[in-house]
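Enquirer: Dumping the structure here so I can ask a few things about it.
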2 protein chains.
Amino acid sequence: MSTTPATELSRRDLIHRASALAGAAAVLGAATPGAHAATRKGTSLKQGDVILFQGDSITDAGRDKENKNPNSAAAFGDGYALMIASRLLGEHAPLQLKCYNRGISGHKVPDLDARWQADTLDLKPAVLSILIGVNDIWHKLNENYAGTVEDYEQGFTALLAKTRAALPEVLLVICDPFALRCGAVNDTWYPEFDERRAAARRVSDNAGAVWVPFQEVFDKAVKDGIEPAYWAADGVHPTMAGHALMADTWFEAVKLR
Amino acid sequence: MSTTPATELSRRDLIHRASALAGAAAVLGAATPGAHAATRKGTSLKQGDVILFQGDSITDAGRDKENKNPNSAAAFGDGYALMIASRLLGEHAPLQLKCYNRGISGHKVPDLDARWQADTLDLKPAVLSILIGVNDIWHKLNENYAGTVEDYEQGFTALLAKTRAALPEVLLVICDPFALRCGAVNDTWYPEFDERRAAARRVSDNAGAVWVPFQEVFDKAVKDGIEPAYWAADGVHPTMAGHALMADTWFEAVKLR
């Protein structure tokens, strides 16, 4: 610790943070608002609203999958979903929100589809946040799955159509599937992974969803001089720092109040 | 979800949040600055600084105690320490901080003392945050421990003196041991628990530590109409909402930058 005036290092740190925030704001400002532009000024939560996080291991984050209770830390794991839900519960106490995490490690779009009724529609979320796509390419590269980019886009589109039909008022939040170039993520992922990300963005826009630009924010953080592994040691699974940056990015994009 | 103009409910929610923030600010403003008043305008973190969380089950929060690594979510559990450390790591990436959680469920001051060299002093923290005291009374009420309020104050004082001697520059952060009146916490805890909290405050002030006023912030939240169990179902162990409120309160008090 130092209580002396700002050193060169702490100035650099401040500049980094200001730059990171400006970068996030620029990324968000540049995002296409889409059909639901008006709602993006902020969306009010209501009494008893259900907030649900869906996805793969990044969302799962080591949660106890036997624990089906809302608002349970053990059922939430230790990732961005825990951080976001805890903050929502702390800041909106009078609303008595119910927050669930139903991410499952290893899952792809077809895996979500297979469990969508019980794990999503039956929970009647007011806000549904989905992060899916890394395993759709990773398992393909490992020759354990044959789904193409087109399969991903069509399957994801159908999943959201089914969701909108069952839950016309749901606020859909689609999180950019992202990867950092380190660990398990190498040149074999590209350009297909970027094509899959572009597909996810089209699916999101066509569904009138809020888009959470994780890849852009991580790219900006790396461009600012922080090594990729600081944010995700294996390129896929975020560190504590990575999950914190995700949670901040999510709140910047979703603007719940 | 609602995108209509603010309802009475959302106005109440906004008032609640504004009031909670104002309450926290008032509590913090009223706190005795003590010997380190000048540093409370904000304290700069330095390259490679170690941040250490110590305490009992509230700090432990289900962490994997076999995992001794810094900056590991599994080693951090799912409580306020994870939330604070993740945010520090995300916001101060250029500093390459090292964050550790060494809280252990069930521990009292004498238990910390017995493992202080290996679990605290050897880690050479620049910032050391301690939350201890609930088991010192709880185990006594359960007739598993005989320590008095005086034992608590003397033991805690000696622990901090030992710490200051080994780490003259450490920023000490003492967290108010708190309880919510529900679950396991009933009238048998009082007035002794308040006497113990007052002792912790004296220990903190005498050591030139930053005081984190958890009890005042939880009392304010309850006074604003949120039931105690919303913040800590058994009166002692915080819910997700409780841990989030703790993390916010910690940052308000400690003002790291």
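Residues in the structure tokens are named by chain (A, B, ... in the order shown) and by number from 1 within that chain; ligands are numbered from 1 in the order shown.
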How close does chain B get to chain A? List, as a Markdown table, each residue of chain B within 6 Å, its nearest atom pair and the distance in Å to one decimal, counting only C-alpha atoms.

Expert:
| residue | atom | partner | partner_atom | distance |
| --- | --- | --- | --- | --- |
| B:Met1 | CA | A:Leu45 | CA | 5.3 |
| B:Ser2 | CA | A:Ser44 | CA | 5.4 |
| B:Thr3 | CA | A:Thr43 | CA | 5.5 |
| B:Thr43 | CA | A:Thr3 | CA | 5.5 |
| B:Ser44 | CA | A:Ser2 | CA | 5.5 |
| B:Leu45 | CA | A:Met1 | CA | 5.3 |
| B:Lys46 | CA | A:Met1 | CA | 5.9 |
| B:Ala73 | CA | A:Met240 | CA | 5.9 |
| B:Asp78 | CA | A:Asp78 | CA | 5.5 |
| B:Ser86 | CA | A:Met240 | CA | 4.8 |
| B:Arg87 | CA | A:Ala244 | CA | 5.5 |
| B:Leu89 | CA | A:Ala241 | CA | 4.8 |
| B:Gly90 | CA | A:Ala241 | CA | 4.1 |
| B:Ala126 | CA | A:Met1 | CA | 5.3 |
| B:Met240 | CA | A:Ser86 | CA | 4.8 |
| B:Ala241 | CA | A:Gly90 | CA | 4.1 |
| B:Ala244 | CA | A:Arg87 | CA | 5.5 |
| B:Leu245 | CA | A:Gly90 | CA | 5.7 |

Enquirer: Suppose we keep N, CA and C atoms; can you now write the selection as a short mmCIF file (atom, residue, chain, number, x, y, z; two decimals), in the first residue's frame?

Expert:
data_model
loop_
_atom_site.label_atom_id
_atom_site.label_comp_id
_atom_site.auth_asym_id
_atom_site.auth_seq_id
_atom_site.Cartn_x
_atom_site.Cartn_y
_atom_site.Cartn_z
N MET B 1 -41.29 -7.92 -16.58
CA MET B 1 -40.65 -6.67 -16.98
C MET B 1 -41.71 -5.64 -17.35
N SER B 2 -41.40 -4.40 -17.11
CA SER B 2 -42.29 -3.31 -17.50
C SER B 2 -41.46 -2.19 -18.08
N THR B 3 -41.91 -1.65 -19.19
CA THR B 3 -41.22 -0.49 -19.76
C THR B 3 -42.13 0.73 -19.67
N THR B 43 -6.77 5.23 -0.88
CA THR B 43 -5.46 4.65 -0.69
C THR B 43 -5.06 3.93 -1.97
N SER B 44 -3.88 4.25 -2.47
CA SER B 44 -3.45 3.68 -3.75
C SER B 44 -2.90 2.28 -3.57
N LEU B 45 -3.36 1.39 -4.41
CA LEU B 45 -2.77 0.06 -4.49
C LEU B 45 -1.52 0.13 -5.34
N LYS B 46 -0.58 -0.76 -5.05
CA LYS B 46 0.68 -0.79 -5.80
C LYS B 46 0.82 -2.12 -6.55
N ALA B 73 -11.14 -18.50 -8.06
CA ALA B 73 -12.54 -18.42 -7.60
C ALA B 73 -12.88 -19.57 -6.67
N ASP B 78 -18.13 -18.15 -2.30
CA ASP B 78 -19.11 -17.37 -3.07
C ASP B 78 -19.67 -16.20 -2.29
N SER B 86 -12.79 -10.02 -6.85
CA SER B 86 -13.01 -10.07 -8.30
C SER B 86 -13.06 -8.67 -8.87
N ARG B 87 -13.76 -7.79 -8.17
CA ARG B 87 -13.86 -6.40 -8.64
C ARG B 87 -12.50 -5.72 -8.62
N LEU B 89 -9.59 -7.17 -8.92
CA LEU B 89 -8.78 -7.75 -10.00
C LEU B 89 -9.23 -7.24 -11.36
N GLY B 90 -10.53 -7.05 -11.53
CA GLY B 90 -11.03 -6.54 -12.80
C GLY B 90 -10.68 -5.08 -13.03
N ALA B 126 -0.65 -6.40 1.78
CA ALA B 126 -0.66 -4.93 1.80
C ALA B 126 -1.98 -4.44 2.38
N MET B 240 -27.16 -14.10 -0.79
CA MET B 240 -26.50 -13.41 -1.91
C MET B 240 -26.68 -11.89 -1.77
N ALA B 241 -27.90 -11.48 -1.44
CA ALA B 241 -28.18 -10.04 -1.27
C ALA B 241 -27.32 -9.47 -0.15
N ALA B 244 -23.73 -9.07 -1.23
CA ALA B 244 -23.59 -7.94 -2.16
C ALA B 244 -23.59 -6.62 -1.39
N LEU B 245 -24.46 -6.52 -0.39
CA LEU B 245 -24.50 -5.29 0.42
C LEU B 245 -23.19 -5.13 1.20
#

Enquirer: If we count only C-alpha atoms, what is near stretch 146-150 of chain A at a cut-off of 7 Å, once residues fewer than 3 positions away on the same chain are taken out, given as a PyMOL selection string?

Expert: chain A and resi 136+140+153-154+196

Enquirer: Mind giving me the straight-line distance from atom CA of B:Ala75 to atom CA of B:Asn101 in Å, one decimal?

Expert: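 Separation between atom CA of B:Ala75 and atom CA of B:Asn101: 6.9 Å.
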
Enquirer: Please report, as a list of chain:residue names, each residue of stretch 1-250 of chain B to which DSSP assigns strand (DSSP E or B) when run on this structure's backbone.

Expert: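 Checking each residue of stretch 1-250 of chain B, the strand (DSSP E or B) ones are B:Ser2, B:Thr43, B:Ser44, B:Val50, B:Ile51, B:Leu52, B:Phe53, B:Gln54, B:Gly55, B:Lys98, B:Cys99, B:Tyr100, B:Asn101, B:Val127, B:Leu128, B:Ser129, B:Ile130, B:Leu131, B:Leu171, B:Leu172, B:Val173, B:Ile174, B:Cys175, B:Val210, B:Trp211, B:Val212.
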
Enquirer: Limited to C-alpha atoms, could you put the picked residues into a file as a CSV table (one decimal), in the first residue's frame?

Expert:
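What landed in again37.csv:
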chain,number,residue,atom,x,y,z
B,2,SER,CA,-42.3,-3.3,-17.5
B,43,THR,CA,-5.5,4.7,-0.7
B,44,SER,CA,-3.5,3.7,-3.7
B,50,VAL,CA,-1.4,-8.8,-1.8
B,51,ILE,CA,-5.0,-8.5,-0.5
B,52,LEU,CA,-6.0,-10.9,2.2
B,53,PHE,CA,-9.4,-11.7,3.7
B,54,GLN,CA,-9.5,-13.4,7.1
B,55,GLY,CA,-12.4,-14.5,9.3
B,98,LYS,CA,-2.7,-11.2,-5.6
B,99,CYS,CA,-5.9,-11.9,-3.6
B,100,TYR,CA,-6.3,-14.6,-1.0
B,101,ASN,CA,-9.2,-15.8,1.2
B,127,VAL,CA,-4.4,-4.9,2.7
B,128,LEU,CA,-5.7,-7.2,5.4
B,129,SER,CA,-9.4,-7.4,6.0
B,130,ILE,CA,-10.7,-9.2,9.1
B,131,LEU,CA,-14.2,-10.2,10.1
B,171,LEU,CA,-3.6,-1.4,5.7
B,172,LEU,CA,-5.8,-3.0,8.4
B,173,VAL,CA,-9.5,-3.3,7.6
B,174,ILE,CA,-11.7,-4.4,10.5
B,175,CYS,CA,-15.2,-5.4,9.7
B,210,VAL,CA,-10.4,1.2,8.6
B,211,TRP,CA,-13.8,0.3,10.2
B,212,VAL,CA,-16.4,-1.3,7.9

Enquirer: Extract the full set of helix (DSSP H, G or I) residues from stretch 96-130 of chain A according to DSSP on the backbone, and format it as a list in words.

Expert: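 Those in stretch 96-130 of chain A that DSSP calls helix (DSSP H, G or I) are Val109, Pro110, Asp111, Leu112, Asp113, Ala114, Trp116, Gln117, Ala118, Asp119, Leu121, Asp122 and Leu123 of chain A.
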
Enquirer: What does the structure give for the distance between atom CA of A:Pro110 and atom CA of A:Asp151, in Å to one decimal?

Expert: 9.4 Å

Enquirer: Tell me, as a PyMOL selection string, which residues lie within 9 Å of B:Ala233, counting only C-alpha atoms; anything in the same chain fewer than 6 positions away does not count.

Expert: chain B and resi 180+182-183+239

Enquirer: Can you measure atom CA of A:Thr157 to atom CA of A:Glu192 for me? One decimal in Å is fine.

Expert: 18.4 Å

Enquirer: Which residue out of B:Ala232, B:Thr120, B:Ile132, B:Gly103 has the minimum interatomic distance to B:Gly155 when only C-alpha atoms are used?

Expert: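 Nearest to B:Gly155: B:Ile132.
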